[in-house]
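**Q** Contents of work18.txt (compact mmCIF, C-alpha atoms) are given next:
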```
# COMPACT_ATOMS: atom_id res chain seq x y z
CA MET A 82 -66.53 99.90 -29.34
CA LYS A 83 -65.29 96.56 -28.04
CA THR A 84 -66.43 93.62 -30.15
CA MET A 85 -66.17 89.88 -29.71
CA PHE A 86 -63.56 88.24 -31.91
CA MET A 87 -63.72 84.62 -33.01
CA THR A 88 -60.49 82.82 -32.17
CA VAL A 89 -61.19 80.20 -34.83
CA ILE A 90 -61.15 81.84 -38.24
CA CYS A 91 -62.71 80.22 -41.28
CA PHE A 92 -65.98 81.78 -42.37
CA THR A 93 -65.24 83.07 -45.86
CA PHE A 94 -68.12 82.61 -48.28
CA LYS A 95 -67.61 80.57 -51.40
CA GLY A 96 -66.52 82.73 -54.27
CA ALA A 97 -65.10 85.48 -52.06
CA TYR A 98 -61.70 84.77 -53.53
CA SER A 99 -60.38 82.59 -56.31
CA MET A 100 -57.74 80.71 -54.34
CA LYS A 101 -58.59 77.40 -52.72
CA THR A 102 -59.29 77.44 -48.99
CA ILE A 103 -56.92 75.27 -46.97
CA TYR A 104 -58.26 73.86 -43.70
CA LEU A 105 -55.52 73.62 -41.05
CA ASP A 106 -57.67 73.46 -37.92
CA HIS A 107 -58.08 69.70 -37.50
CA ALA A 108 -57.38 69.93 -33.77
CA ALA A 109 -60.67 71.83 -33.45
CA THR A 110 -62.72 69.37 -35.49
CA THR A 111 -62.21 67.17 -38.51
CA PRO A 112 -64.12 66.53 -41.74
CA VAL A 113 -66.04 63.28 -41.71
CA HIS A 114 -64.23 60.60 -43.69
CA PRO A 115 -66.16 59.85 -46.92
CA ASP A 116 -66.47 56.16 -46.06
CA VAL A 117 -67.74 57.06 -42.59
CA ALA A 118 -70.25 59.55 -44.03
CA THR A 119 -71.59 56.93 -46.45
CA ASN A 120 -71.84 54.37 -43.67
CA TYR A 121 -73.55 56.86 -41.35
CA ALA A 122 -76.14 57.87 -43.96
CA GLN A 123 -77.02 54.24 -44.62
CA LEU A 124 -77.32 53.50 -40.92
CA LEU A 125 -79.71 56.41 -40.38
CA GLU A 126 -82.08 54.76 -42.86
CA THR A 127 -81.64 51.12 -41.90
CA THR A 128 -80.64 50.94 -38.22
CA PHE A 129 -83.34 52.81 -36.35
CA GLY A 130 -84.31 50.13 -33.85
CA ASN A 131 -83.84 50.63 -30.12
CA PRO A 132 -81.04 48.28 -28.99
CA SER A 133 -83.02 47.58 -25.79
CA SER A 134 -85.97 46.20 -27.79
CA ILE A 135 -86.31 42.44 -28.16
CA HIS A 136 -87.78 42.39 -31.69
CA SER A 137 -85.69 41.98 -34.85
CA TYR A 138 -85.04 45.71 -35.33
CA GLY A 139 -83.85 46.00 -31.75
CA ARG A 140 -81.70 42.87 -31.99
CA ASP A 141 -80.05 44.18 -35.16
CA ALA A 142 -79.27 47.50 -33.48
CA ARG A 143 -77.91 45.65 -30.42
CA LYS A 144 -75.67 43.49 -32.58
CA GLN A 145 -74.18 46.52 -34.33
CA LEU A 146 -73.78 48.33 -31.01
CA ASP A 147 -71.94 45.34 -29.54
CA GLU A 148 -69.62 45.12 -32.55
CA ALA A 149 -68.84 48.83 -32.26
CA ARG A 150 -68.07 48.39 -28.57
CA LYS A 151 -65.61 45.61 -29.42
CA THR A 152 -63.90 47.88 -31.97
CA MET A 153 -63.51 50.69 -29.42
CA ALA A 154 -62.19 48.32 -26.78
CA ALA A 155 -59.68 46.70 -29.12
CA SER A 156 -58.34 50.11 -30.19
CA ILE A 157 -57.11 50.82 -26.65
CA HIS A 158 -56.51 47.19 -25.53
CA ALA A 159 -59.49 47.16 -23.18
CA GLN A 160 -62.50 44.89 -22.66
CA PRO A 161 -65.87 45.67 -24.32
CA ALA A 162 -67.61 45.84 -20.92
CA GLU A 163 -65.28 48.73 -19.99
CA ILE A 164 -66.67 51.02 -22.72
CA ILE A 165 -69.41 53.57 -21.95
CA PHE A 166 -70.83 55.41 -24.96
CA THR A 167 -71.47 59.13 -24.45
CA SER A 168 -72.51 62.22 -26.37
CA GLY A 169 -68.86 63.24 -26.78
CA GLY A 170 -65.64 64.07 -24.98
CA THR A 171 -67.18 66.67 -22.70
CA GLU A 172 -69.72 64.24 -21.28
CA ALA A 173 -67.03 61.56 -20.94
CA ASP A 174 -64.88 64.01 -18.94
CA ASN A 175 -67.85 65.03 -16.79
CA ILE A 176 -68.77 61.43 -15.99
CA ALA A 177 -65.15 60.72 -15.09
CA ILE A 178 -64.83 63.75 -12.80
CA PHE A 179 -68.24 64.21 -11.19
CA GLY A 180 -68.96 60.49 -11.20
CA THR A 181 -65.68 59.65 -9.49
CA VAL A 182 -65.83 62.28 -6.74
CA ALA A 183 -69.41 61.27 -5.96
CA ALA A 184 -68.39 57.62 -5.70
CA MET A 185 -65.29 58.48 -3.63
CA LYS A 186 -66.75 61.23 -1.42
CA THR A 187 -66.30 59.23 1.80
CA LYS A 188 -62.58 58.73 1.07
CA GLY A 189 -61.46 62.32 0.54
CA ASN A 190 -62.03 65.67 -1.13
CA HIS A 191 -58.77 66.38 -2.97
CA ILE A 192 -58.33 66.48 -6.77
CA ILE A 193 -55.14 66.94 -8.79
CA THR A 194 -55.11 68.27 -12.35
CA THR A 195 -53.00 70.67 -14.45
CA ASN A 196 -53.45 74.29 -15.46
CA ILE A 197 -53.49 73.44 -19.19
CA GLU A 198 -56.39 70.99 -19.26
CA HIS A 199 -59.26 71.35 -21.70
CA HIS A 200 -62.17 73.34 -20.28
CA ALA A 201 -64.21 70.14 -20.16
CA VAL A 202 -61.92 69.23 -17.25
CA LEU A 203 -61.06 72.65 -15.82
CA ASN A 204 -64.64 73.89 -15.50
CA PRO A 205 -65.92 70.77 -13.68
CA CYS A 206 -62.97 71.16 -11.28
CA LYS A 207 -63.89 74.80 -10.68
CA GLN A 208 -67.48 73.75 -10.02
CA LEU A 209 -66.28 71.18 -7.50
CA GLU A 210 -64.24 73.84 -5.72
CA LEU A 211 -67.48 75.74 -5.17
CA GLN A 212 -68.83 72.59 -3.52
CA GLY A 213 -65.93 72.40 -1.06
CA TYR A 214 -63.49 70.15 -2.89
CA VAL A 215 -59.81 71.09 -2.86
CA VAL A 216 -58.19 71.17 -6.32
CA THR A 217 -54.45 71.33 -6.97
CA TYR A 218 -53.61 72.75 -10.39
CA LEU A 219 -50.11 71.59 -11.33
CA GLU A 220 -48.07 74.17 -13.22
CA VAL A 221 -46.37 73.24 -16.49
CA ASP A 222 -42.95 74.31 -17.75
CA ARG A 223 -42.31 76.31 -20.92
CA GLU A 224 -42.75 73.14 -22.96
CA GLY A 225 -46.24 72.63 -21.52
CA ARG A 226 -45.16 69.57 -19.55
CA ILE A 227 -45.44 68.47 -15.94
CA ASP A 228 -43.06 66.20 -14.03
CA PRO A 229 -44.43 63.07 -12.31
CA LYS A 230 -42.70 64.30 -9.13
CA GLN A 231 -45.21 67.16 -9.05
CA VAL A 232 -48.01 64.62 -8.81
CA GLU A 233 -46.16 62.69 -6.12
CA GLU A 234 -45.59 65.83 -4.05
CA ALA A 235 -49.23 66.91 -4.41
CA LEU A 236 -50.71 63.56 -3.35
CA THR A 237 -52.31 63.27 0.08
CA ASP A 238 -54.35 60.62 1.82
CA LYS A 239 -57.40 62.69 0.82
CA THR A 240 -56.66 62.63 -2.92
CA ILE A 241 -59.47 60.82 -4.73
CA LEU A 242 -58.95 61.85 -8.37
CA VAL A 243 -56.02 62.74 -10.63
CA SER A 244 -57.06 64.08 -14.06
CA ILE A 245 -54.26 64.84 -16.52
CA MET A 246 -54.68 65.03 -20.29
CA TYR A 247 -52.66 62.83 -22.64
CA GLY A 248 -51.83 65.34 -25.37
CA ASN A 249 -52.56 69.05 -25.26
CA ASN A 250 -55.00 70.36 -27.86
CA GLU A 251 -53.24 73.72 -28.33
CA VAL A 252 -49.50 72.97 -28.38
CA GLY A 253 -49.48 69.17 -28.68
CA THR A 254 -47.35 68.36 -25.63
CA ILE A 255 -47.69 64.75 -24.45
CA GLN A 256 -47.69 64.26 -20.68
CA PRO A 257 -45.85 61.41 -18.88
CA ILE A 258 -49.06 59.46 -18.36
CA GLN A 259 -47.44 56.04 -18.00
CA GLU A 260 -45.07 57.27 -15.29
CA ILE A 261 -47.94 58.91 -13.42
CA GLY A 262 -50.01 55.75 -13.75
CA GLN A 263 -47.19 53.76 -12.17
CA LEU A 264 -46.93 56.33 -9.39
CA LEU A 265 -50.65 56.00 -8.59
CA LYS A 266 -50.68 52.21 -8.75
CA ASP A 267 -50.87 51.75 -4.97
CA HIS A 268 -52.81 54.93 -4.17
CA GLN A 269 -56.56 55.17 -3.71
CA ALA A 270 -56.84 58.02 -6.26
CA VAL A 271 -58.65 57.24 -9.51
CA PHE A 272 -56.57 58.21 -12.56
CA HIS A 273 -58.42 59.90 -15.43
CA THR A 274 -56.92 61.05 -18.73
CA ASP A 275 -58.57 63.16 -21.42
CA ALA A 276 -57.27 61.48 -24.57
CA VAL A 277 -59.62 63.23 -27.00
CA GLN A 278 -56.86 64.95 -28.98
CA ALA A 279 -54.58 61.90 -29.03
CA PHE A 280 -57.05 59.17 -29.99
CA GLY A 281 -56.43 57.90 -33.51
CA ILE A 282 -53.19 59.89 -33.72
CA VAL A 283 -50.93 57.85 -31.42
CA PRO A 284 -51.24 54.29 -30.05
CA LEU A 285 -52.98 53.99 -26.67
CA ASN A 286 -52.88 50.98 -24.34
CA VAL A 287 -54.82 51.35 -21.09
CA ASP A 288 -52.81 48.73 -19.24
CA GLU A 289 -49.46 50.22 -20.22
CA LEU A 290 -50.69 53.71 -19.28
CA GLY A 291 -52.12 52.57 -15.95
CA VAL A 292 -55.25 54.74 -16.30
CA ASP A 293 -58.63 54.00 -14.75
CA LEU A 294 -60.69 56.33 -16.95
CA LEU A 295 -59.99 57.58 -20.48
CA SER A 296 -62.13 60.03 -22.53
CA PHE A 297 -62.64 60.01 -26.31
CA SER A 298 -64.60 61.85 -29.01
CA ALA A 299 -65.49 60.93 -32.60
CA HIS A 300 -65.24 64.32 -34.28
CA LYS A 301 -61.49 64.58 -33.67
CA LEU A 302 -60.76 61.58 -35.92
CA ASN A 303 -63.10 62.06 -38.87
CA GLY A 304 -66.22 60.70 -37.24
CA PRO A 305 -69.59 62.40 -36.56
CA LYS A 306 -70.07 64.99 -33.85
CA CYS A 307 -71.93 64.39 -30.59
CA VAL A 308 -70.68 60.88 -29.95
CA GLY A 309 -67.81 59.62 -27.84
CA PHE A 310 -66.99 57.09 -25.16
CA LEU A 311 -65.44 56.72 -21.73
CA TYR A 312 -63.17 53.83 -20.88
CA GLN A 313 -63.86 52.74 -17.30
CA ARG A 314 -61.54 50.09 -15.92
CA ALA A 315 -63.31 47.10 -14.38
CA GLY A 316 -63.57 47.70 -10.64
CA THR A 317 -63.52 51.50 -10.98
CA HIS A 318 -66.76 53.07 -9.79
CA THR A 319 -68.50 56.26 -10.94
CA ASP A 320 -71.92 57.51 -9.89
CA SER A 321 -74.38 58.18 -12.69
CA LEU A 322 -75.01 61.74 -13.85
CA LEU A 323 -78.14 60.87 -15.83
CA PHE A 324 -81.14 59.07 -14.36
CA GLY A 325 -83.42 57.09 -16.61
CA GLY A 326 -83.10 53.67 -18.18
CA GLU A 327 -80.51 50.96 -17.63
CA GLN A 328 -78.45 51.51 -20.76
CA GLU A 329 -74.66 51.07 -20.75
CA ARG A 330 -74.84 48.65 -17.82
CA LYS A 331 -76.71 51.27 -15.76
CA ARG A 332 -73.76 53.67 -16.04
CA ARG A 333 -75.20 56.13 -18.59
CA ALA A 334 -78.95 56.35 -19.10
CA GLY A 335 -80.44 57.19 -22.48
CA THR A 336 -81.07 55.31 -25.72
CA GLU A 337 -77.79 54.79 -27.54
CA ASN A 338 -77.23 56.68 -30.79
CA VAL A 339 -76.48 53.52 -32.73
CA PRO A 340 -75.88 55.03 -36.22
CA ALA A 341 -73.40 57.57 -34.82
CA ILE A 342 -71.68 54.97 -32.62
CA VAL A 343 -71.27 52.52 -35.51
CA ALA A 344 -69.99 55.33 -37.75
CA PHE A 345 -67.56 56.25 -34.96
CA ALA A 346 -66.34 52.65 -34.92
CA LYS A 347 -65.77 52.87 -38.69
CA ALA A 348 -63.68 56.02 -38.17
CA VAL A 349 -61.70 54.30 -35.42
CA HIS A 350 -60.99 51.32 -37.67
CA ILE A 351 -59.71 53.60 -40.43
CA ALA A 352 -57.60 55.60 -37.97
CA GLN A 353 -56.01 52.45 -36.57
CA GLN A 354 -55.12 51.23 -40.06
CA THR A 355 -53.57 54.54 -41.15
CA MET A 356 -51.98 55.77 -37.91
CA GLU A 357 -48.33 55.20 -38.79
CA GLU A 358 -48.77 56.50 -42.33
CA ASN A 359 -50.45 59.63 -40.99
CA ARG A 360 -47.77 60.20 -38.36
CA GLU A 361 -45.09 60.26 -41.04
CA LYS A 362 -47.24 62.51 -43.21
CA TYR A 363 -47.91 65.02 -40.42
CA GLU A 364 -44.24 65.18 -39.47
CA ALA A 365 -43.43 65.90 -43.12
CA PHE A 366 -46.11 68.60 -43.18
CA ALA A 367 -44.57 70.29 -40.14
CA THR A 368 -41.16 70.24 -41.79
CA ALA A 369 -42.56 71.63 -45.04
CA LEU A 370 -44.38 74.39 -43.16
CA THR A 371 -41.33 75.56 -41.23
CA SER A 372 -39.05 75.20 -44.26
CA VAL A 373 -41.09 77.81 -46.13
CA LEU A 374 -40.97 80.10 -43.10
CA GLU A 375 -37.20 79.66 -42.97
CA GLU A 376 -36.82 80.45 -46.66
CA ALA A 377 -38.85 83.62 -46.13
CA ASP A 378 -36.36 84.63 -43.41
CA LEU A 379 -39.13 85.10 -40.86
CA GLN A 380 -38.66 85.32 -37.12
CA TYR A 381 -40.80 82.68 -35.44
CA GLU A 382 -40.89 80.31 -32.47
CA ILE A 383 -42.38 76.81 -32.36
CA HIS A 384 -43.96 76.21 -28.98
CA ALA A 385 -43.05 73.01 -27.09
CA ASP A 386 -40.52 72.23 -29.81
CA ASP A 387 -38.32 70.25 -27.40
CA ALA A 388 -41.18 68.23 -25.90
CA ARG A 389 -42.64 64.91 -26.96
CA LYS A 390 -45.65 66.02 -28.99
CA LEU A 391 -48.65 64.94 -31.00
CA PRO A 392 -47.49 65.00 -34.64
CA HIS A 393 -50.47 66.88 -36.10
CA ILE A 394 -50.21 70.09 -34.03
CA VAL A 395 -47.73 72.93 -34.61
CA ASN A 396 -48.21 76.10 -32.54
CA ILE A 397 -46.09 79.01 -33.77
CA SER A 398 -45.41 82.49 -32.41
CA PHE A 399 -44.76 85.28 -34.91
CA PRO A 400 -43.09 88.21 -33.05
CA GLY A 401 -44.26 91.63 -34.16
CA THR A 402 -47.74 90.50 -35.19
CA ASP A 403 -51.13 90.74 -33.48
CA ILE A 404 -53.33 87.67 -33.44
CA GLU A 405 -56.55 89.41 -34.50
CA SER A 406 -55.12 91.00 -37.63
CA LEU A 407 -53.07 87.88 -38.33
CA LEU A 408 -56.07 85.56 -38.25
CA VAL A 409 -58.26 87.90 -40.28
CA ASN A 410 -55.60 88.17 -42.97
CA LEU A 411 -55.03 84.42 -43.00
CA ASP A 412 -58.74 83.83 -43.47
CA MET A 413 -58.90 86.36 -46.28
CA SER A 414 -56.06 84.51 -47.96
CA GLY A 415 -57.85 81.17 -47.60
CA VAL A 416 -55.93 79.67 -44.67
CA CYS A 417 -58.14 78.34 -41.87
CA VAL A 418 -56.24 78.16 -38.57
CA SER A 419 -56.82 78.86 -34.88
CA SER A 420 -55.36 80.82 -32.01
CA GLY A 421 -56.36 78.25 -29.42
CA SER A 422 -59.08 75.86 -28.34
CA ALA A 423 -62.24 75.97 -30.46
CA CYS A 424 -64.24 75.75 -27.23
CA THR A 425 -63.20 79.31 -26.34
CA ALA A 426 -64.27 80.84 -29.66
CA GLY A 427 -65.75 84.28 -29.13
CA SER A 428 -63.50 85.05 -26.17
CA LEU A 429 -60.94 87.84 -26.12
CA ASP A 430 -59.04 86.22 -23.29
CA PRO A 431 -55.56 84.88 -24.14
CA SER A 432 -54.97 81.14 -24.28
CA HIS A 433 -54.82 79.67 -20.77
CA VAL A 434 -52.34 77.11 -22.10
CA LEU A 435 -49.87 79.70 -23.40
CA THR A 436 -50.42 81.78 -20.25
CA ALA A 437 -49.47 78.75 -18.17
CA MET A 438 -46.38 78.17 -20.29
CA PHE A 439 -45.09 81.74 -20.66
CA GLY A 440 -46.79 83.81 -17.95
CA GLU A 441 -49.26 86.68 -17.83
CA GLY A 442 -48.61 89.38 -20.40
CA ALA A 443 -46.08 87.36 -22.42
CA PRO A 444 -45.95 88.42 -26.10
CA GLN A 445 -46.63 84.83 -27.21
CA LEU A 446 -50.19 85.24 -25.93
CA ARG A 447 -50.93 87.78 -28.67
CA ASN A 448 -49.02 86.42 -31.66
CA SER A 449 -49.39 82.62 -31.69
CA VAL A 450 -51.17 80.52 -34.29
CA ARG A 451 -52.05 76.83 -34.14
CA PHE A 452 -51.70 74.86 -37.38
CA SER A 453 -53.15 71.35 -37.19
CA PHE A 454 -53.18 68.67 -39.88
CA GLY A 455 -55.55 65.92 -40.94
CA LEU A 456 -57.57 64.24 -43.67
CA GLY A 457 -57.44 65.64 -47.21
CA LEU A 458 -54.19 67.60 -46.99
CA ASP A 459 -51.15 67.16 -49.23
CA ASP A 460 -47.65 68.65 -49.47
CA GLU A 461 -48.68 71.27 -52.02
CA GLN A 462 -51.46 72.60 -49.82
CA ILE A 463 -49.11 72.85 -46.85
CA LYS A 464 -46.57 74.76 -48.90
CA GLN A 465 -49.28 77.03 -50.27
CA ALA A 466 -50.57 77.75 -46.76
CA ALA A 467 -47.04 78.39 -45.50
CA THR A 468 -46.30 80.75 -48.41
CA ARG A 469 -49.48 82.73 -47.78
CA THR A 470 -48.68 82.84 -44.05
CA ALA A 471 -45.15 84.07 -44.72
CA GLU A 472 -46.40 86.82 -47.01
CA ILE A 473 -48.92 88.00 -44.42
CA VAL A 474 -46.47 87.92 -41.51
CA SER A 475 -43.85 89.80 -43.56
CA ARG A 476 -46.42 92.49 -44.34
CA LEU A 477 -47.71 92.80 -40.78
CA VAL A 478 -44.33 93.15 -39.07
CA LYS A 479 -43.20 96.04 -41.30
```
Once more with this new file: its structure as structure tokens, please.
**A**
Amino acid sequence: MKTMFMTVICFTFKGAYSMKTIYLDHAATTPVHPDVATNYAQLLETTFGNPSSIHSYGRDARKQLDEARKTMAASIHAQPAEIIFTSGGTEADNIAIFGTVAAMKTKGNHIITTNIEHHAVLNPCKQLELQGYVVTYLEVDREGRIDPKQVEEALTDKTILVSIMYGNNEVGTIQPIQEIGQLLKDHQAVFHTDAVQAFGIVPLNVDELGVDLLSFSAHKLNGPKCVGFLYQRAGTHTDSLLFGGEQERKRRAGTENVPAIVAFAKAVHIAQQTMEENREKYEAFATALTSVLEEADLQYEIHADDARKLPHIVNISFPGTDIESLLVNLDMSGVCVSSGSACTAGSLDPSHVLTAMFGEGAPQLRNSVRFSFGLGLDDEQIKQAATRTAEIVSRLVK
């Protein structure tokens, strides 16, 4: 009997084994930073006013909302008025895509994206195809990267939107966003980038990148879930998806979740202060992980190893293994990892990212594991996780 299999494995009950569980799935979601959690809990009790109200509770909420907006803007070198708070990265992507094509519908019907985007971009594009829009899905190479020339060749006078992610959530590949931004400088197309996986990990400057729209989410950098924001360059227009009040300068109706937004700003501040330190730490973790695999004399392949990558993601293929048994055994040994995007949990389909990189039926689709690093990890935990992984892989390939 065919059963559904969770691609993200980490559901072992406390006490099921004596060894300490090691969480290496930070690309899926991150633990809330203790300082952020404390701040959030306090805000839930003290900052309950509606920021649109004119009384003291409302004014206090508005003040904190405005300060949070300034923090978000400063983190990407934008202006506070260019920040739209959302319920997360998915809504930010949807506003960028559906809002742009609605605003640009008299100027064309062509969209350009890639075949390795997050489903928060791919599925809106598929929906737009059903409505008559023409979507070009650029193909990536074996490193998961596109060439700006592909964008140039795909552009037409009907192109109204280009949506290309900054850093891939499965293999970590960073796309040539700045070069594409320069290419689109004199074209009518609006340039959107999903930067959810990159935010707080690498520096982002909207003017240097040349983007018009940029999506972000709190839960990827130790903030609370269900809060994010969209950067919308001044002069860039998107139609509203929600109809109600006049919040967010009439661009996104609905009372702002002030406690979550302010907690998000706290997480952003911490991430900005620790970014370089974390980059060095994650690079050391990757080296420690692969060093143990080398010492165990295992056969393995690091995906996108020759590409410019996000430092906290390492996607590894273990020839001779099967992903289902590999993930189950890793979970039983206390190592929490993933075989792909958390948003496809429950699906038996192979990763669309690895399929795009290696082709249909490639062995990498059935033997690849994503390790991703973040808050709370140290060298000893990485080595322990690598040792357990090596023991499991050695056993499974016999």
**Q** With a distance cut-off of 7 Å and only C-alpha atoms, select the neighbouring residues of segment 233-246 of chain A, excluding the residue or stretch itself and same-chain residues fewer than 4 positions from it, and output the selection as a ChimeraX atom specification.
**A** /A:182,185,188-195,198,229,269-276
**Q** One decimal, Å: what's the distance from atom CA of Val202 of chain A over to atom CA of Leu295 of chain A, could you say?
**A**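 Computing it gives 12.2 Å between the two atoms.
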**Q** Provide the atom CA of Asn448 of chain A to atom CA of Glu220 of chain A distance in Å, to one decimal place.
**A**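 Going from atom CA of Asn448 of chain A over to atom CA of Glu220 of chain A, I get 22.2 Å.
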**Q** Closest to Val349 of chain A among A:Phe129, A:Phe439, A:Phe297, A:Phe452, using all atoms listed in the file?
**A**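 Of the candidates, the smallest distance to Val349 of chain A is held by A:Phe297.
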**Q** Which of these residues is nearest to Ala437 of chain A, using only C-alpha atoms: A:Glu337, A:Asp141, A:Glu251, A:Glu210?
**A**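 Nearest candidate to Ala437 of chain A out of A:Glu337, A:Asp141, A:Glu251, A:Glu210: A:Glu251.
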**Q** Give the answer as one residue: which of A:Gly442, A:Gly169, A:Pro284, A:Gly415 has the shortest atom-to-atom distance to Lys101 of chain A, using only C-alpha atoms?
**A**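 Going through A:Gly442, A:Gly169, A:Pro284, A:Gly415 one by one, the smallest distance to Lys101 of chain A is for A:Gly415.
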**Q** Work out how far apart atom CA of Ser137 of chain A and atom CA of Gly335 of chain A are and give it in Å to one decimal.
**A**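 Atom-to-atom, atom CA of Ser137 of chain A to atom CA of Gly335 of chain A, that is 20.3 Å.
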**Q** Between A:Ser133, A:Gln231, A:Ser420, A:Asn249, which residue has the minimum interatomic distance to Glu329 of chain A, considering only C-alpha atoms?
**A**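 The closest residue to Glu329 of chain A is A:Ser133.
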**Q** Excluding Thr102 of chain A and its own-chain neighbours fewer than 2 positions away, which residues fall within 7 Å of it when counting all atoms listed in the file? Please give them as JSON, numbers by chain.
**A** {"A": [100, 104, 415, 416]}
**Q** May I ask which of the residues A:Arg143, A:His114, A:Lys266, A:Arg226 is the closest one to Asp387 of chain A, counting all atoms listed in the file?
**A**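 When distances to Asp387 of chain A are compared using all atoms listed in the file, the smallest one comes from A:Arg226.
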**Q** Point out the residue among A:Thr371, A:Thr128, A:Thr468, A:Thr181 with the least atom-to-atom distance to Thr317 of chain A, counting all atoms listed in the file.
**A**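 For Thr317 of chain A, the nearest of the given residues is A:Thr181.
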**Q** Do a neighbour search on Met153 of chain A at 9 Å with only C-alpha atoms, toss out local chain neighbours closer than 2 positions, and write the hits as a PyMOL selection string.
**A** chain A and resi 148-151+155-161+164+310+345-346+349-350
**Q** What lies within 7 Å of Ala108 of chain A using all atoms listed in the file, ignoring chain neighbours under 4 positions off, as an MDAnalysis selection string?
**A** chainID A and resid 250 278 301 453
**Q** Please return, as a PyMOL selection string, all polymer residues that have at least one atom within 10 Å of the point (-72.7, 44.6, -17.6); use only C-alpha atoms and the file's own coordinate frame.
**A** chain A and resi 161-163+328-332
**Q** Go ahead and save the picked residues with C-alpha atoms, as a PDB file, in the frame of the given file.
**A**
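And here's part14.pdb as it stands now:
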```pdb
ATOM      1  CA  PRO A 161     -65.870  45.670 -24.320  1.00  0.00           C
ATOM      2  CA  ALA A 162     -67.610  45.840 -20.920  1.00  0.00           C
ATOM      3  CA  GLU A 163     -65.280  48.730 -19.990  1.00  0.00           C
ATOM      4  CA  GLN A 328     -78.450  51.510 -20.760  1.00  0.00           C
ATOM      5  CA  GLU A 329     -74.660  51.070 -20.750  1.00  0.00           C
ATOM      6  CA  ARG A 330     -74.840  48.650 -17.820  1.00  0.00           C
ATOM      7  CA  LYS A 331     -76.710  51.270 -15.760  1.00  0.00           C
ATOM      8  CA  ARG A 332     -73.760  53.670 -16.040  1.00  0.00           C
TER       9      ARG A 332
END
```
**Q** Give me, as CSV, each residue of segment 374-397 of chain A that comes within 12 Å of segment 256-264 of chain A, together with its shortest interatomic pair and the distance in Å at one decimal, counting all atoms listed in the file, with rows ordered by chain and rising residue number.
**A**
```
residue,atom,partner,partner_atom,distance
A:Ala385,CA,A:Gln256,CA,11.8
A:Ala388,CA,A:Gln256,CA,9.2
A:Arg389,CA,A:Gln256,CA,8.1
A:Lys390,CA,A:Gln256,CA,8.7
A:Leu391,CA,A:Gln256,CA,10.4
```
